[in-house]
Amino acid sequence: MRGATTRIAASLLVLLLLGGCGFKDIDKRLFVVATGIDNSGNPDKPYRITLRLAVTSPKIEPGAGQSQVETIEARTIAEGVRELKSYVDKELDFGQCKIFMIGEQLARTEIKPPLSWMIRRRDIQAISNVSIGYPSAEAILQIEPKTERYPGNMLFLSFGQEGTESSYTVTQLAFELGRRLTEKGLDPILPIVYPENGSYRINQAGIFNKEKLLTILKPEETQLFNQISNTELKSSIGGNVEEDPYVLTVGSIRSTYRTNKNDQGKLVIEFNIRMKGLLEEAPKMVFNKDWSVIEHHIATQYNTSVKKLLTKFQKLGVDPIGFGLRYRATHYSGDGSSWKEWLSLYPEAEFKVNTKITVEGTGLIK
Amino acid sequence: MNRYFYYGFLYVALINIMLFVPNILLQNRYTGSISSMALAIPAGTLLALLFASSITKFPGKAIPEIMYEHHPRWLVSPVLWMMAIVYFLGSVIVLVAFSVVINRFYNPDTSSAVVLYLLIAASVYYSTRSTLSLLFILEMMIIINAPLIFFVLGKALFSSSFNWDAIRTVANYIRVRPNIESFAAATYIFSGYLNMSMVNRALPPNFRLKYRWLIPLIGTIALLSSVFIPIGFHGTEGVEEYLFVWSVTADSMKMEYGFIERVLFLYLILYLNLTLLFTTFGWHQAMEFIKSTFKSHTPKLDEDKTTRSNWIIGIAFAVITALYSLAVNEKLNFNIAAVWLIVRLFVELLAVVWLFILSYKQVRRTRTKRKEGNEE
């Protein structure tokens, strides 16, 4: 008997420990579903922070997702978020926030401060999506698309492979951006979200150096980047053979690259791409023609466009594919001088692109 | 009995993350930690094998009984106290580090002290149990947590954002000369064999450790993954920026179709279990070492009732841990861990060499006895 009473008393004592904690119930929390950070143009308060807050509702059906958007200008991001708490009645919770958007204007000047705020905060997921909003993050977050089942889900389903799998959408998670911002020999790239008739269009990507946005790729270039840097991708490539348009759906794509010096001490970056796929668009009776001619034509055209894209990166002095890192991995020199060597070699580097395309079939018709 | 040795080895190899082993090794990644790791694998294996084969010559006896048998009290007691302190301090570092991690990621609104006190209460209760019941707890915990370990490891290695070039870049620095700080941190992975110093009481006679190849295998996998997986996720430069590098690494994995999307929470549950297991064993062994220096003490594998001395020492441990957490902040705890890892290496070396000499004598004595018996 005595043992039992002691035990009960002990467990009650433990309960005392729980009294003082600051835990808040779910109905006292306001979930942030998207965060936007912009340039305000005001020198005293340079940041404009936009939070998209979910209006929680028991209904889950298309179009039922409603949200509230709050905006504030502040001297720093952290202060802004703290001040925003006085605008709302419940505790702000970033635990569900999967979208972080940086305004295009801010991205053109600096990208490190918003990212370091994100990484330092403990409740922000390292697997949240980072993107650029055009013309500003606020303008994008103000849009309330009609098809959302719950607030903000359209934006994060667009990225990654959970919802749509677009070959034009670049996906960058917060930790990946953090890696690209610090890594020697790998530069950041971020998707750009454009407003489009009450919805979004995410088919372009911005190229960064370690500090800021340099240029925005065209949709074709974005797809090309995705194809050569990503193996699990459903995409298509097109080309002409004697004026006839051909489109190939790519079933599998495998790309490898080598960074080596040739005999003259010049850097040669050799890019090998292998693709397999079915013809999706072709002139009639292509089945009886010689497929190797088609393969050859498409491959040559593809080579030129990849080479053009790689030369574009080279001219900008950026390296979003990671050639520099590969060079560091394969050329060890002890005191880190392989990195300095790379910096002097890269502007003069020569690209060799070899594409091998295999047409597996012509679809359902000849 | 074999499996208990490997359970003990496994949980110690995994708890390295809470003792800041990856942080130390990653800090020195360009200045010799890779070569230290390469050296630590054979060195750690050798120490483990040497210790295991020596202590099995004394079935049913723990380190204190073996030492008191061969040496005077005044020599052995201080050594035992020193070992107790090293064990105890290791668990305290882990406990305080983990209470901060839990506080950061699970419940940022409460103070980490509340979490720590709850962990301490659980540890006091478990560490005062008998050695035999702790062995059963060990087996249960490992069986529960092993799937989680493999899941997190597999998730990391097959992640599409894992960058092998970064790993190759850092691995190239194997040519740099090793340093003692990294070597001490890397050999920690292998120090699970020290559990045998108490658990040996449960050892049957004529025991021989089987599957010895598991020691380098488990150790190498644990060591390489705890250093190189963060590099694969955060790059050669970014990896140094993180304080809780493995928590952030676990957070960088995603379970799209899982019950919860963030692998982080799975990882935290796993490390909650491992931390409690580690503290339980650390405190229990420290407790047994201290008790064995009392003259009236008779060692028992499985007492019927928890003795009063267990409770007194356990509560003293709890108070010291609470005071430690008040006096030491995150930064100091990290620095203490780095020093602890080095001190531990030398204490381990001392224990292994000492025990090896004793076992050698023991074997020779039994041999000569047998010879004499034959002559008669």
# chains A, B, ... in the order shown; residues from 1 in each chain; ligands from 1
>>> residues_around(residues="A:Gly363", least_positions_apart="4", cutoff="9 Å", atoms="only C-alpha atoms", output="count of residues only")
4
>>> select_by_dssp(residues="stretch 36-260 of chain B", states="helix (DSSP H, G or I)", output="number ranges by chain")
B: 36-55, 63-70, 73-105, 112-127, 131-157, 164-175, 180-188, 191-202, 214-241, 245-251
>>> closest_residue(among="A:Arg328, A:His296, A:Lys312, A:Arg52", to="A:Ala139", atoms="only C-alpha atoms")
A:Arg52
>>> interface_residues(of="chain B", to="chain A", cutoff="8 Å", atoms="only C-alpha atoms", output="MDAnalysis selection string")
chainID B and resid 104:105 107 109:111 114 118 161 165:170 172:173 175:176 233:238 248 251:254 256 262
>>> write_last_selection(atoms="C-alpha atoms", output="mmCIF file, in the first residue's frame")
data_model
loop_
_atom_site.group_PDB
_atom_site.id
_atom_site.type_symbol
_atom_site.label_atom_id
_atom_site.label_comp_id
_atom_site.auth_asym_id
_atom_site.auth_seq_id
_atom_site.Cartn_x
_atom_site.Cartn_y
_atom_site.Cartn_z
ATOM 1 C CA ARG B 104 14.803 23.685 -30.174
ATOM 2 C CA PHE B 105 12.812 21.401 -32.413
ATOM 3 C CA ASN B 107 8.739 22.605 -28.076
ATOM 4 C CA ASP B 109 8.099 27.573 -25.940
ATOM 5 C CA THR B 110 9.193 25.667 -22.843
ATOM 6 C CA SER B 111 12.602 26.028 -21.273
ATOM 7 C CA VAL B 114 11.980 21.228 -17.901
ATOM 8 C CA LEU B 118 12.154 14.879 -17.069
ATOM 9 C CA SER B 161 19.717 15.834 -53.595
ATOM 10 C CA ASP B 165 31.037 15.261 -55.631
ATOM 11 C CA ALA B 166 31.192 17.103 -52.318
ATOM 12 C CA ILE B 167 31.970 13.831 -50.553
ATOM 13 C CA ARG B 168 34.727 13.015 -53.023
ATOM 14 C CA THR B 169 36.200 16.475 -52.602
ATOM 15 C CA VAL B 170 36.449 16.099 -48.835
ATOM 16 C CA ASN B 172 40.560 13.668 -51.097
ATOM 17 C CA TYR B 173 41.945 15.294 -47.964
ATOM 18 C CA ARG B 175 46.469 12.885 -47.488
ATOM 19 C CA VAL B 176 46.601 15.539 -44.732
ATOM 20 C CA PHE B 233 23.499 17.328 -48.041
ATOM 21 C CA HIS B 234 25.066 20.641 -47.139
ATOM 22 C CA GLY B 235 28.163 20.734 -49.311
ATOM 23 C CA THR B 236 31.822 21.018 -48.471
ATOM 24 C CA GLU B 237 31.544 24.553 -47.112
ATOM 25 C CA GLY B 238 27.965 24.857 -45.841
ATOM 26 C CA VAL B 248 19.330 19.806 -39.969
ATOM 27 C CA ASP B 251 15.289 17.799 -41.678
ATOM 28 C CA SER B 252 16.638 17.895 -45.250
ATOM 29 C CA MET B 253 15.017 14.545 -45.993
ATOM 30 C CA LYS B 254 11.432 14.287 -46.999
ATOM 31 C CA GLU B 256 6.218 12.663 -49.293
ATOM 32 C CA ARG B 262 9.634 15.695 -41.962
#
>>> residues_around(residues="B:Leu217", least_positions_apart="6", cutoff="12 Å", atoms="only C-alpha atoms", output="ChimeraX atom specification")
/B:6,9-10,13,41-42,44-45,189-190,211,223-224
>>> write_last_selection(atoms="N, CA and C atoms", output="PDB file, in the first residue's frame")
ATOM      1  N   TYR B   6      27.186  -6.757 -29.054  1.00  0.00           N
ATOM      2  CA  TYR B   6      26.987  -5.940 -30.258  1.00  0.00           C
ATOM      3  C   TYR B   6      25.898  -4.888 -30.078  1.00  0.00           C
ATOM      4  N   PHE B   9      27.685  -2.138 -28.408  1.00  0.00           N
ATOM      5  CA  PHE B   9      28.582  -1.509 -29.369  1.00  0.00           C
ATOM      6  C   PHE B   9      27.801  -0.580 -30.293  1.00  0.00           C
ATOM      7  N   LEU B  10      26.640  -1.049 -30.733  1.00  0.00           N
ATOM      8  CA  LEU B  10      25.846  -0.306 -31.713  1.00  0.00           C
ATOM      9  C   LEU B  10      25.322   1.015 -31.139  1.00  0.00           C
ATOM     10  N   ALA B  13      28.035   3.556 -30.792  1.00  0.00           N
ATOM     11  CA  ALA B  13      28.467   4.067 -32.096  1.00  0.00           C
ATOM     12  C   ALA B  13      27.497   5.109 -32.622  1.00  0.00           C
ATOM     13  N   ILE B  41      39.833   3.649 -37.554  1.00  0.00           N
ATOM     14  CA  ILE B  41      39.120   2.388 -37.809  1.00  0.00           C
ATOM     15  C   ILE B  41      39.957   1.179 -37.362  1.00  0.00           C
ATOM     16  N   PRO B  42      41.215   1.027 -37.832  1.00  0.00           N
ATOM     17  CA  PRO B  42      42.006  -0.103 -37.303  1.00  0.00           C
ATOM     18  C   PRO B  42      42.310   0.041 -35.811  1.00  0.00           C
ATOM     19  N   GLY B  44      40.597   1.551 -33.384  1.00  0.00           N
ATOM     20  CA  GLY B  44      39.404   1.264 -32.590  1.00  0.00           C
ATOM     21  C   GLY B  44      39.090  -0.213 -32.583  1.00  0.00           C
ATOM     22  N   THR B  45      39.211  -0.832 -33.753  1.00  0.00           N
ATOM     23  CA  THR B  45      38.940  -2.265 -33.842  1.00  0.00           C
ATOM     24  C   THR B  45      39.912  -3.043 -32.969  1.00  0.00           C
ATOM     25  N   ILE B 189      33.686   6.202 -31.715  1.00  0.00           N
ATOM     26  CA  ILE B 189      32.696   5.321 -32.348  1.00  0.00           C
ATOM     27  C   ILE B 189      32.868   3.884 -31.864  1.00  0.00           C
ATOM     28  N   PHE B 190      34.118   3.481 -31.608  1.00  0.00           N
ATOM     29  CA  PHE B 190      34.396   2.083 -31.293  1.00  0.00           C
ATOM     30  C   PHE B 190      34.345   1.786 -29.800  1.00  0.00           C
ATOM     31  N   TYR B 211      31.589 -13.562 -34.364  1.00  0.00           N
ATOM     32  CA  TYR B 211      31.306 -12.520 -35.361  1.00  0.00           C
ATOM     33  C   TYR B 211      32.137 -11.272 -35.129  1.00  0.00           C
ATOM     34  N   LEU B 223      30.798   5.591 -38.547  1.00  0.00           N
ATOM     35  CA  LEU B 223      31.722   6.728 -38.636  1.00  0.00           C
ATOM     36  C   LEU B 223      31.562   7.463 -39.969  1.00  0.00           C
ATOM     37  N   LEU B 224      31.582   6.707 -41.061  1.00  0.00           N
ATOM     38  CA  LEU B 224      31.494   7.345 -42.380  1.00  0.00           C
ATOM     39  C   LEU B 224      30.158   8.045 -42.554  1.00  0.00           C
TER      40      LEU B 224
END
>>> residues_around(residues="A:Val359", least_positions_apart="3", cutoff="10 Å", atoms="only C-alpha atoms", output="list in words")
Leu248, Thr249, Val250, Met275, Lys276, Gly277, Leu278, Leu279, Trp291, Ser292, Ile294, Glu295, Lys356 and Thr362 of chain A
>>> select_by_dssp(residues="stretch 62-95 of chain A", states="strand (DSSP E)", output="list of chain:residue names")
A:Gln66, A:Ser67, A:Gln68, A:Val69, A:Glu70, A:Thr71, A:Ile72, A:Glu73, A:Ala74, A:Glu91, A:Leu92, A:Asp93
>>> atom_distance(atom1="atom CA of A:Trp339", atom2="atom CA of A:Gln314")
16.0 Å
>>> atom_distance(atom1="atom CA of B:Lys291", atom2="atom CA of B:Val319")
18.1 Å
>>> residues_around(residues="B:Ile336", least_positions_apart="2", cutoff="12 Å", atoms="only C-alpha atoms", output="number ranges by chain")
B: 19-20, 24, 86, 89-90, 92-94, 96-97, 324, 328-334, 338-344
>>> write_last_selection(atoms="C-alpha atoms", output="CSV table (one decimal), in the first residue's frame")
chain,number,residue,atom,x,y,z
B,19,LEU,CA,28.7,14.1,-28.3
B,20,PHE,CA,29.5,16.4,-31.1
B,24,ILE,CA,34.6,18.1,-34.5
B,86,VAL,CA,34.6,9.8,-17.2
B,89,LEU,CA,30.5,13.1,-17.5
B,90,GLY,CA,29.9,11.6,-20.9
B,92,VAL,CA,25.8,14.4,-18.7
B,93,ILE,CA,27.1,16.0,-21.9
B,94,VAL,CA,24.8,13.9,-24.0
B,96,VAL,CA,22.3,18.4,-21.7
B,97,ALA,CA,23.0,18.5,-25.5
B,324,TYR,CA,26.0,21.3,-14.7
B,328,VAL,CA,27.3,25.4,-18.6
B,329,ASN,CA,25.8,26.9,-21.8
B,330,GLU,CA,25.7,25.4,-25.3
B,331,LYS,CA,29.0,26.6,-26.3
B,332,LEU,CA,30.8,25.5,-23.2
B,333,ASN,CA,29.1,22.1,-23.4
B,334,PHE,CA,30.6,21.7,-26.9
B,338,ALA,CA,35.9,18.0,-27.2
B,339,VAL,CA,38.1,17.7,-24.2
B,340,TRP,CA,36.1,14.8,-22.8
B,341,LEU,CA,36.7,12.9,-26.0
B,342,ILE,CA,40.5,13.2,-25.7
B,343,VAL,CA,40.6,12.4,-22.0
B,344,ARG,CA,38.3,9.4,-22.7
>>> residues_around(residues="B:Val353", least_positions_apart="3", cutoff="9 Å", atoms="only C-alpha atoms", output="ChimeraX atom specification")
/B:47,50-51,348-350,356-358
>>> write_last_selection(atoms="C-alpha atoms", output="CSV table (one decimal), in the first residue's frame")
chain,number,residue,atom,x,y,z
B,47,LEU,CA,41.3,-1.8,-28.9
B,50,LEU,CA,42.0,-6.6,-27.3
B,51,PHE,CA,39.6,-5.6,-24.5
B,348,GLU,CA,40.3,3.8,-22.5
B,349,LEU,CA,43.9,3.0,-23.5
B,350,LEU,CA,44.9,2.7,-19.9
B,356,PHE,CA,45.4,-7.1,-21.2
B,357,ILE,CA,48.4,-7.4,-18.9
B,358,LEU,CA,46.2,-8.9,-16.2
>>> residues_around(residues="stretch 30-45 of chain A", least_positions_apart="6", cutoff="9 Å", atoms="only C-alpha atoms", output="PDB file with N, CA and C atoms, in the first residue's frame")
ATOM      1  N   LEU A  51       3.095  37.806 -45.208  1.00  0.00           N
ATOM      2  CA  LEU A  51       2.787  36.457 -44.728  1.00  0.00           C
ATOM      3  C   LEU A  51       1.407  36.068 -45.224  1.00  0.00           C
ATOM      4  N   ARG A  52       1.312  34.884 -45.780  1.00  0.00           N
ATOM      5  CA  ARG A  52       0.001  34.372 -46.149  1.00  0.00           C
ATOM      6  C   ARG A  52      -0.432  33.416 -45.057  1.00  0.00           C
ATOM      7  N   LEU A  53      -1.527  33.767 -44.371  1.00  0.00           N
ATOM      8  CA  LEU A  53      -1.967  32.984 -43.219  1.00  0.00           C
ATOM      9  C   LEU A  53      -3.181  32.171 -43.611  1.00  0.00           C
ATOM     10  N   ALA A  54      -3.183  30.920 -43.201  1.00  0.00           N
ATOM     11  CA  ALA A  54      -4.303  30.053 -43.543  1.00  0.00           C
ATOM     12  C   ALA A  54      -5.495  30.382 -42.666  1.00  0.00           C
ATOM     13  N   VAL A  55      -6.669  30.495 -43.274  1.00  0.00           N
ATOM     14  CA  VAL A  55      -7.893  30.588 -42.487  1.00  0.00           C
ATOM     15  C   VAL A  55      -8.359  29.149 -42.322  1.00  0.00           C
ATOM     16  N   THR A  56      -8.177  28.620 -41.125  1.00  0.00           N
ATOM     17  CA  THR A  56      -8.450  27.192 -40.953  1.00  0.00           C
ATOM     18  C   THR A  56      -9.941  26.927 -41.035  1.00  0.00           C
ATOM     19  N   SER A  67      -7.412  32.385 -47.340  1.00  0.00           N
ATOM     20  CA  SER A  67      -6.283  32.856 -46.557  1.00  0.00           C
ATOM     21  C   SER A  67      -6.345  34.360 -46.380  1.00  0.00           C
ATOM     22  N   GLU A  73       6.445  46.565 -43.235  1.00  0.00           N
ATOM     23  CA  GLU A  73       7.796  46.984 -43.602  1.00  0.00           C
ATOM     24  C   GLU A  73       8.638  47.050 -42.343  1.00  0.00           C
ATOM     25  N   ALA A  74       9.872  46.609 -42.420  1.00  0.00           N
ATOM     26  CA  ALA A  74      10.686  46.588 -41.206  1.00  0.00           C
ATOM     27  C   ALA A  74      12.163  46.729 -41.545  1.00  0.00           C
ATOM     28  N   ARG A  75      12.944  46.977 -40.478  1.00  0.00           N
ATOM     29  CA  ARG A  75      14.377  47.170 -40.647  1.00  0.00           C
ATOM     30  C   ARG A  75      15.079  45.837 -40.899  1.00  0.00           C
ATOM     31  N   THR A  76      14.645  44.820 -40.180  1.00  0.00           N
ATOM     32  CA  THR A  76      15.167  43.472 -40.426  1.00  0.00           C
ATOM     33  C   THR A  76      13.979  42.513 -40.530  1.00  0.00           C
ATOM     34  N   ILE A  77      14.237  41.341 -41.067  1.00  0.00           N
ATOM     35  CA  ILE A  77      13.149  40.376 -41.280  1.00  0.00           C
ATOM     36  C   ILE A  77      12.597  39.897 -39.940  1.00  0.00           C
ATOM     37  N   VAL A  88      -2.203  40.349 -35.469  1.00  0.00           N
ATOM     38  CA  VAL A  88      -3.102  39.194 -35.484  1.00  0.00           C
ATOM     39  C   VAL A  88      -3.410  38.765 -34.062  1.00  0.00           C
ATOM     40  N   ASP A  89      -4.441  37.925 -33.921  1.00  0.00           N
ATOM     41  CA  ASP A  89      -4.904  37.556 -32.584  1.00  0.00           C
ATOM     42  C   ASP A  89      -4.282  36.276 -32.072  1.00  0.00           C
ATOM     43  N   LYS A  90      -3.637  35.480 -32.938  1.00  0.00           N
ATOM     44  CA  LYS A  90      -3.122  34.189 -32.484  1.00  0.00           C
ATOM     45  C   LYS A  90      -1.621  34.108 -32.720  1.00  0.00           C
ATOM     46  N   GLU A  91      -1.035  33.074 -32.160  1.00  0.00           N
ATOM     47  CA  GLU A  91       0.410  32.881 -32.295  1.00  0.00           C
ATOM     48  C   GLU A  91       0.757  32.464 -33.730  1.00  0.00           C
ATOM     49  N   LEU A  92       1.752  33.140 -34.310  1.00  0.00           N
ATOM     50  CA  LEU A  92       2.165  32.774 -35.668  1.00  0.00           C
ATOM     51  C   LEU A  92       2.988  31.491 -35.622  1.00  0.00           C
ATOM     52  N   ASP A  93       2.663  30.563 -36.511  1.00  0.00           N
ATOM     53  CA  ASP A  93       3.375  29.291 -36.522  1.00  0.00           C
ATOM     54  C   ASP A  93       3.956  29.052 -37.916  1.00  0.00           C
ATOM     55  N   PHE A  94       5.290  28.981 -37.996  1.00  0.00           N
ATOM     56  CA  PHE A  94       5.942  28.787 -39.285  1.00  0.00           C
ATOM     57  C   PHE A  94       6.152  27.311 -39.607  1.00  0.00           C
ATOM     58  N   GLY A  95       5.738  26.439 -38.699  1.00  0.00           N
ATOM     59  CA  GLY A  95       6.008  25.010 -38.860  1.00  0.00           C
ATOM     60  C   GLY A  95       5.412  24.409 -40.120  1.00  0.00           C
ATOM     61  N   GLN A  96       4.331  25.009 -40.642  1.00  0.00           N
ATOM     62  CA  GLN A  96       3.685  24.459 -41.835  1.00  0.00           C
ATOM     63  C   GLN A  96       4.033  25.254 -43.085  1.00  0.00           C
ATOM     64  N   CYS A  97       4.917  26.224 -42.950  1.00  0.00           N
ATOM     65  CA  CYS A  97       5.204  27.098 -44.079  1.00  0.00           C
ATOM     66  C   CYS A  97       6.143  26.390 -45.044  1.00  0.00           C
ATOM     67  N   LYS A  98       5.658  26.141 -46.256  1.00  0.00           N
ATOM     68  CA  LYS A  98       6.489  25.400 -47.202  1.00  0.00           C
ATOM     69  C   LYS A  98       6.937  26.262 -48.377  1.00  0.00           C
ATOM     70  N   ILE A  99       6.507  27.512 -48.399  1.00  0.00           N
ATOM     71  CA  ILE A  99       6.861  28.384 -49.518  1.00  0.00           C
ATOM     72  C   ILE A  99       7.557  29.631 -48.992  1.00  0.00           C
ATOM     73  N   PHE A 100       8.763  29.847 -49.443  1.00  0.00           N
ATOM     74  CA  PHE A 100       9.442  31.102 -49.138  1.00  0.00           C
ATOM     75  C   PHE A 100       9.750  31.782 -50.456  1.00  0.00           C
ATOM     76  N   MET A 101       9.288  33.029 -50.583  1.00  0.00           N
ATOM     77  CA  MET A 101       9.442  33.703 -51.853  1.00  0.00           C
ATOM     78  C   MET A 101      10.215  34.983 -51.640  1.00  0.00           C
ATOM     79  N   ILE A 102      11.194  35.196 -52.498  1.00  0.00           N
ATOM     80  CA  ILE A 102      11.993  36.408 -52.424  1.00  0.00           C
ATOM     81  C   ILE A 102      11.601  37.264 -53.621  1.00  0.00           C
ATOM     82  N   GLY A 103      11.350  38.524 -53.389  1.00  0.00           N
ATOM     83  CA  GLY A 103      10.955  39.404 -54.486  1.00  0.00           C
ATOM     84  C   GLY A 103      12.088  39.570 -55.483  1.00  0.00           C
ATOM     85  N   GLU A 104      11.711  39.789 -56.740  1.00  0.00           N
ATOM     86  CA  GLU A 104      12.712  39.863 -57.798  1.00  0.00           C
ATOM     87  C   GLU A 104      13.663  41.027 -57.553  1.00  0.00           C
ATOM     88  N   GLN A 105      13.120  42.154 -57.097  1.00  0.00           N
ATOM     89  CA  GLN A 105      13.959  43.336 -56.860  1.00  0.00           C
ATOM     90  C   GLN A 105      15.017  43.060 -55.784  1.00  0.00           C
ATOM     91  N   LEU A 106      14.555  42.423 -54.704  1.00  0.00           N
ATOM     92  CA  LEU A 106      15.474  42.099 -53.605  1.00  0.00           C
ATOM     93  C   LEU A 106      16.528  41.097 -54.072  1.00  0.00           C
ATOM     94  N   ALA A 107      16.097  40.124 -54.880  1.00  0.00           N
ATOM     95  CA  ALA A 107      17.023  39.097 -55.355  1.00  0.00           C
ATOM     96  C   ALA A 107      18.118  39.709 -56.216  1.00  0.00           C
ATOM     97  N   PRO A 114      17.912  37.093 -46.347  1.00  0.00           N
ATOM     98  CA  PRO A 114      16.685  36.325 -46.132  1.00  0.00           C
ATOM     99  C   PRO A 114      16.971  34.853 -45.880  1.00  0.00           C
ATOM    100  N   GLY A 133       9.642  35.701 -56.615  1.00  0.00           N
ATOM    101  CA  GLY A 133       8.349  36.200 -57.066  1.00  0.00           C
ATOM    102  C   GLY A 133       8.530  37.383 -58.001  1.00  0.00           C
ATOM    103  N   SER A 136       6.901  41.062 -57.614  1.00  0.00           N
ATOM    104  CA  SER A 136       7.330  41.049 -56.211  1.00  0.00           C
ATOM    105  C   SER A 136       6.686  39.857 -55.534  1.00  0.00           C
ATOM    106  N   ALA A 137       7.246  39.460 -54.414  1.00  0.00           N
ATOM    107  CA  ALA A 137       6.688  38.323 -53.685  1.00  0.00           C
ATOM    108  C   ALA A 137       5.285  38.650 -53.196  1.00  0.00           C
ATOM    109  N   GLU A 138       5.076  39.918 -52.832  1.00  0.00           N
ATOM    110  CA  GLU A 138       3.766  40.306 -52.311  1.00  0.00           C
ATOM    111  C   GLU A 138       2.686  40.118 -53.376  1.00  0.00           C
ATOM    112  N   ILE A 140       2.601  38.062 -55.761  1.00  0.00           N
ATOM    113  CA  ILE A 140       2.297  36.643 -55.971  1.00  0.00           C
ATOM    114  C   ILE A 140       1.450  36.101 -54.821  1.00  0.00           C
ATOM    115  N   LEU A 141       1.800  36.496 -53.599  1.00  0.00           N
ATOM    116  CA  LEU A 141       1.088  35.939 -52.445  1.00  0.00           C
ATOM    117  C   LEU A 141      -0.335  36.480 -52.339  1.00  0.00           C
ATOM    118  N   PRO A 151      -5.386  26.269 -48.080  1.00  0.00           N
ATOM    119  CA  PRO A 151      -4.661  27.484 -48.439  1.00  0.00           C
ATOM    120  C   PRO A 151      -3.203  27.220 -48.781  1.00  0.00           C
ATOM    121  N   GLY A 152      -2.761  27.726 -49.898  1.00  0.00           N
ATOM    122  CA  GLY A 152      -1.350  27.684 -50.256  1.00  0.00           C
ATOM    123  C   GLY A 152      -0.902  26.394 -50.909  1.00  0.00           C
ATOM    124  N   ASN A 153      -1.802  25.412 -51.079  1.00  0.00           N
ATOM    125  CA  ASN A 153      -1.288  24.130 -51.570  1.00  0.00           C
ATOM    126  C   ASN A 153      -0.946  24.166 -53.049  1.00  0.00           C
ATOM    127  N   LEU A 155       0.811  26.363 -54.637  1.00  0.00           N
ATOM    128  CA  LEU A 155       2.207  26.740 -54.839  1.00  0.00           C
ATOM    129  C   LEU A 155       3.133  25.573 -54.560  1.00  0.00           C
TER     130      LEU A 155
END
>>> closest_residue(among="B:Met18, B:Ile229, B:Ile120, B:Ala327", to="B:Phe98", atoms="only C-alpha atoms")
B:Met18
